[in-house]
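A.B. asks: The following block contains the structure, expressed as structure tokens.
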Amino acid sequence: MKISGYANQNVEPEHVVSEELAEITLSATPTELRRLGEFLVFCAAEMDRMGETYDHIHLADRMKEFNKSSPHLVVFRAAAA
């Protein structure tokens with residue numbers, strides 16, 4: 001598993017450069033963490049169901065409560081080893 005992301009620097013999307021991260025910190029409520037867990041289980045099930053056709057899913061597209069107050073979280077399928 002790899003984690004990548006970028007800082008909120010208020011730049012145009014075409015100027016954003018994603019970097020691999022060594023650590024992430026979640027500042028969340030118990031409810032948010034449970035919902036995040038539900039989302040990750042859903043993504044795993046979709047990967048199993050869709051196989052190689054699975055590409056990615058956005059948290060805010062699945063759970064609207066994360067749309068306004070949260071950073072974007074996207075789950076991509078890892079490349080086959």
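Following the order of the structure tokens, first chain is A, next is B, and so on, with residues numbered from 1 inside each chain and ligands from 1 in the order they appear.
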Please report, as a VMD selection string, each residue of chain A to which DSSP assigns alpha helix (DSSP H) when run on this structure's backbone.

C.D. replies: chain A and resid 30 to 50 59 to 62

A.B. asks: Using N, CA and C atoms, can you export the residues from the last selection as a PDB file, in the first residue's frame?

C.D. replies:
ATOM      1  N   PRO A  30     -15.431   9.764  16.385  1.00  0.00           N
ATOM      2  CA  PRO A  30     -15.711   8.333  16.265  1.00  0.00           C
ATOM      3  C   PRO A  30     -16.692   8.029  15.135  1.00  0.00           C
ATOM      4  N   THR A  31     -17.688   8.870  14.956  1.00  0.00           N
ATOM      5  CA  THR A  31     -18.652   8.673  13.867  1.00  0.00           C
ATOM      6  C   THR A  31     -17.972   8.766  12.513  1.00  0.00           C
ATOM      7  N   GLU A  32     -17.104   9.765  12.332  1.00  0.00           N
ATOM      8  CA  GLU A  32     -16.389   9.911  11.058  1.00  0.00           C
ATOM      9  C   GLU A  32     -15.500   8.702  10.789  1.00  0.00           C
ATOM     10  N   LEU A  33     -14.841   8.205  11.821  1.00  0.00           N
ATOM     11  CA  LEU A  33     -13.972   7.039  11.630  1.00  0.00           C
ATOM     12  C   LEU A  33     -14.784   5.805  11.263  1.00  0.00           C
ATOM     13  N   ARG A  34     -15.944   5.627  11.876  1.00  0.00           N
ATOM     14  CA  ARG A  34     -16.802   4.500  11.513  1.00  0.00           C
ATOM     15  C   ARG A  34     -17.274   4.614  10.066  1.00  0.00           C
ATOM     16  N   ARG A  35     -17.661   5.805   9.653  1.00  0.00           N
ATOM     17  CA  ARG A  35     -18.106   6.020   8.273  1.00  0.00           C
ATOM     18  C   ARG A  35     -16.952   5.779   7.299  1.00  0.00           C
ATOM     19  N   LEU A  36     -15.753   6.231   7.663  1.00  0.00           N
ATOM     20  CA  LEU A  36     -14.574   5.995   6.832  1.00  0.00           C
ATOM     21  C   LEU A  36     -14.317   4.493   6.706  1.00  0.00           C
ATOM     22  N   GLY A  37     -14.456   3.765   7.799  1.00  0.00           N
ATOM     23  CA  GLY A  37     -14.301   2.317   7.771  1.00  0.00           C
ATOM     24  C   GLY A  37     -15.316   1.667   6.837  1.00  0.00           C
ATOM     25  N   GLU A  38     -16.567   2.122   6.894  1.00  0.00           N
ATOM     26  CA  GLU A  38     -17.605   1.611   5.991  1.00  0.00           C
ATOM     27  C   GLU A  38     -17.216   1.856   4.530  1.00  0.00           C
ATOM     28  N   PHE A  39     -16.678   3.041   4.272  1.00  0.00           N
ATOM     29  CA  PHE A  39     -16.269   3.382   2.912  1.00  0.00           C
ATOM     30  C   PHE A  39     -15.151   2.461   2.437  1.00  0.00           C
ATOM     31  N   LEU A  40     -14.168   2.214   3.274  1.00  0.00           N
ATOM     32  CA  LEU A  40     -13.044   1.362   2.880  1.00  0.00           C
ATOM     33  C   LEU A  40     -13.503  -0.072   2.634  1.00  0.00           C
ATOM     34  N   VAL A  41     -14.426  -0.577   3.458  1.00  0.00           N
ATOM     35  CA  VAL A  41     -14.978  -1.921   3.238  1.00  0.00           C
ATOM     36  C   VAL A  41     -15.742  -1.949   1.918  1.00  0.00           C
ATOM     37  N   PHE A  42     -16.504  -0.894   1.629  1.00  0.00           N
ATOM     38  CA  PHE A  42     -17.219  -0.808   0.356  1.00  0.00           C
ATOM     39  C   PHE A  42     -16.238  -0.842  -0.814  1.00  0.00           C
ATOM     40  N   CYS A  43     -15.145  -0.076  -0.725  1.00  0.00           N
ATOM     41  CA  CYS A  43     -14.148  -0.051  -1.805  1.00  0.00           C
ATOM     42  C   CYS A  43     -13.543  -1.435  -2.024  1.00  0.00           C
ATOM     43  N   ALA A  44     -13.230  -2.138  -0.935  1.00  0.00           N
ATOM     44  CA  ALA A  44     -12.666  -3.487  -1.067  1.00  0.00           C
ATOM     45  C   ALA A  44     -13.662  -4.416  -1.754  1.00  0.00           C
ATOM     46  N   ALA A  45     -14.934  -4.319  -1.385  1.00  0.00           N
ATOM     47  CA  ALA A  45     -15.957  -5.155  -2.012  1.00  0.00           C
ATOM     48  C   ALA A  45     -16.098  -4.827  -3.498  1.00  0.00           C
ATOM     49  N   GLU A  46     -16.032  -3.542  -3.839  1.00  0.00           N
ATOM     50  CA  GLU A  46     -16.120  -3.143  -5.243  1.00  0.00           C
ATOM     51  C   GLU A  46     -14.918  -3.636  -6.033  1.00  0.00           C
ATOM     52  N   MET A  47     -13.731  -3.598  -5.426  1.00  0.00           N
ATOM     53  CA  MET A  47     -12.547  -4.132  -6.111  1.00  0.00           C
ATOM     54  C   MET A  47     -12.724  -5.614  -6.397  1.00  0.00           C
ATOM     55  N   ASP A  48     -13.233  -6.356  -5.400  1.00  0.00           N
ATOM     56  CA  ASP A  48     -13.479  -7.788  -5.600  1.00  0.00           C
ATOM     57  C   ASP A  48     -14.512  -8.008  -6.698  1.00  0.00           C
ATOM     58  N   ARG A  49     -15.582  -7.247  -6.657  1.00  0.00           N
ATOM     59  CA  ARG A  49     -16.679  -7.428  -7.607  1.00  0.00           C
ATOM     60  C   ARG A  49     -16.279  -7.058  -9.026  1.00  0.00           C
ATOM     61  N   MET A  50     -15.564  -5.934  -9.168  1.00  0.00           N
ATOM     62  CA  MET A  50     -15.255  -5.400 -10.494  1.00  0.00           C
ATOM     63  C   MET A  50     -13.955  -5.942 -11.077  1.00  0.00           C
ATOM     64  N   LEU A  59     -14.456   9.319  -1.722  1.00  0.00           N
ATOM     65  CA  LEU A  59     -15.241   9.280  -0.492  1.00  0.00           C
ATOM     66  C   LEU A  59     -16.437  10.229  -0.560  1.00  0.00           C
ATOM     67  N   ALA A  60     -16.228  11.453  -0.977  1.00  0.00           N
ATOM     68  CA  ALA A  60     -17.297  12.459  -0.999  1.00  0.00           C
ATOM     69  C   ALA A  60     -18.405  12.122  -1.992  1.00  0.00           C
ATOM     70  N   ASP A  61     -18.106  11.312  -2.989  1.00  0.00           N
ATOM     71  CA  ASP A  61     -19.151  10.882  -3.921  1.00  0.00           C
ATOM     72  C   ASP A  61     -20.053   9.821  -3.298  1.00  0.00           C
ATOM     73  N   ARG A  62     -19.501   9.026  -2.390  1.00  0.00           N
ATOM     74  CA  ARG A  62     -20.261   7.954  -1.733  1.00  0.00           C
ATOM     75  C   ARG A  62     -20.948   8.433  -0.465  1.00  0.00           C
TER      76      ARG A  62
END

A.B. asks: Any idea what the distance is between atom CA of A:Ala79 and atom CA of A:Lys2?

C.D. replies: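 Distance between the two atoms: 10.6 Å.
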
A.B. asks: Which of these residues is nearest to A:Glu52, using only C-alpha atoms: A:Thr25, A:Ala78, A:Asn10, A:Gly5?

C.D. replies: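 Ranked by minimum distance to A:Glu52, first place goes to A:Ala78.
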
A.B. asks: If we count only C-alpha atoms, what is near A:Phe76 at a cut-off of 9 Å, once residues fewer than 5 positions away on the same chain are taken out, given as a CSV table (one decimal) with all heavy atoms, in the first residue's frame?

C.D. replies:
chain,number,residue,atom,x,y,z
A,43,CYS,N,-15.1,-0.1,-0.7
A,43,CYS,CA,-14.1,-0.1,-1.8
A,43,CYS,C,-13.5,-1.4,-2.0
A,43,CYS,O,-13.4,-1.9,-3.2
A,43,CYS,CB,-13.0,1.0,-1.5
A,43,CYS,SG,-13.6,2.7,-1.6
A,54,TYR,N,-12.0,-2.1,-11.9
A,54,TYR,CA,-12.1,-1.1,-10.8
A,54,TYR,C,-11.0,-0.1,-11.0
A,54,TYR,O,-9.8,-0.5,-11.2
A,54,TYR,CB,-12.0,-1.7,-9.5
A,54,TYR,CG,-12.0,-0.8,-8.3
A,54,TYR,CD1,-13.1,-0.5,-7.6
A,54,TYR,CD2,-10.8,-0.1,-7.9
A,54,TYR,CE1,-13.1,0.4,-6.5
A,54,TYR,CE2,-10.8,0.8,-6.9
A,54,TYR,CZ,-12.0,1.0,-6.2
A,54,TYR,OH,-11.9,1.9,-5.1
A,55,ASP,N,-11.3,1.2,-10.9
A,55,ASP,CA,-10.3,2.2,-11.1
A,55,ASP,C,-10.1,3.0,-9.8
A,55,ASP,O,-9.1,2.9,-9.1
A,55,ASP,CB,-10.6,3.2,-12.2
A,55,ASP,CG,-9.5,4.2,-12.5
A,55,ASP,OD1,-8.3,3.8,-12.6
A,55,ASP,OD2,-9.8,5.4,-12.5
A,56,HIS,N,-11.2,3.8,-9.4
A,56,HIS,CA,-11.1,4.5,-8.1
A,56,HIS,C,-12.5,5.0,-7.7
A,56,HIS,O,-13.4,5.0,-8.5
A,56,HIS,CB,-10.2,5.8,-8.3
A,56,HIS,CG,-10.8,6.8,-9.1
A,56,HIS,ND1,-10.8,6.8,-10.5
A,56,HIS,CD2,-11.4,8.0,-8.8
A,56,HIS,CE1,-11.4,7.8,-11.0
A,56,HIS,NE2,-11.8,8.6,-10.0
A,57,ILE,N,-12.6,5.3,-6.4
A,57,ILE,CA,-13.8,5.8,-5.8
A,57,ILE,C,-13.5,7.0,-4.9
A,57,ILE,O,-12.5,6.9,-4.1
A,57,ILE,CB,-14.6,4.7,-5.1
A,57,ILE,CG1,-15.0,3.6,-6.0
A,57,ILE,CG2,-15.9,5.3,-4.4
A,57,ILE,CD1,-15.6,2.4,-5.2

A.B. asks: Just to confirm, what's the straight-line distance from atom CA of A:Ile3 to atom CA of A:Val75 in Å (one decimal)?

C.D. replies: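 Result for atom CA of A:Ile3 versus atom CA of A:Val75: 9.8 Å, one decimal.
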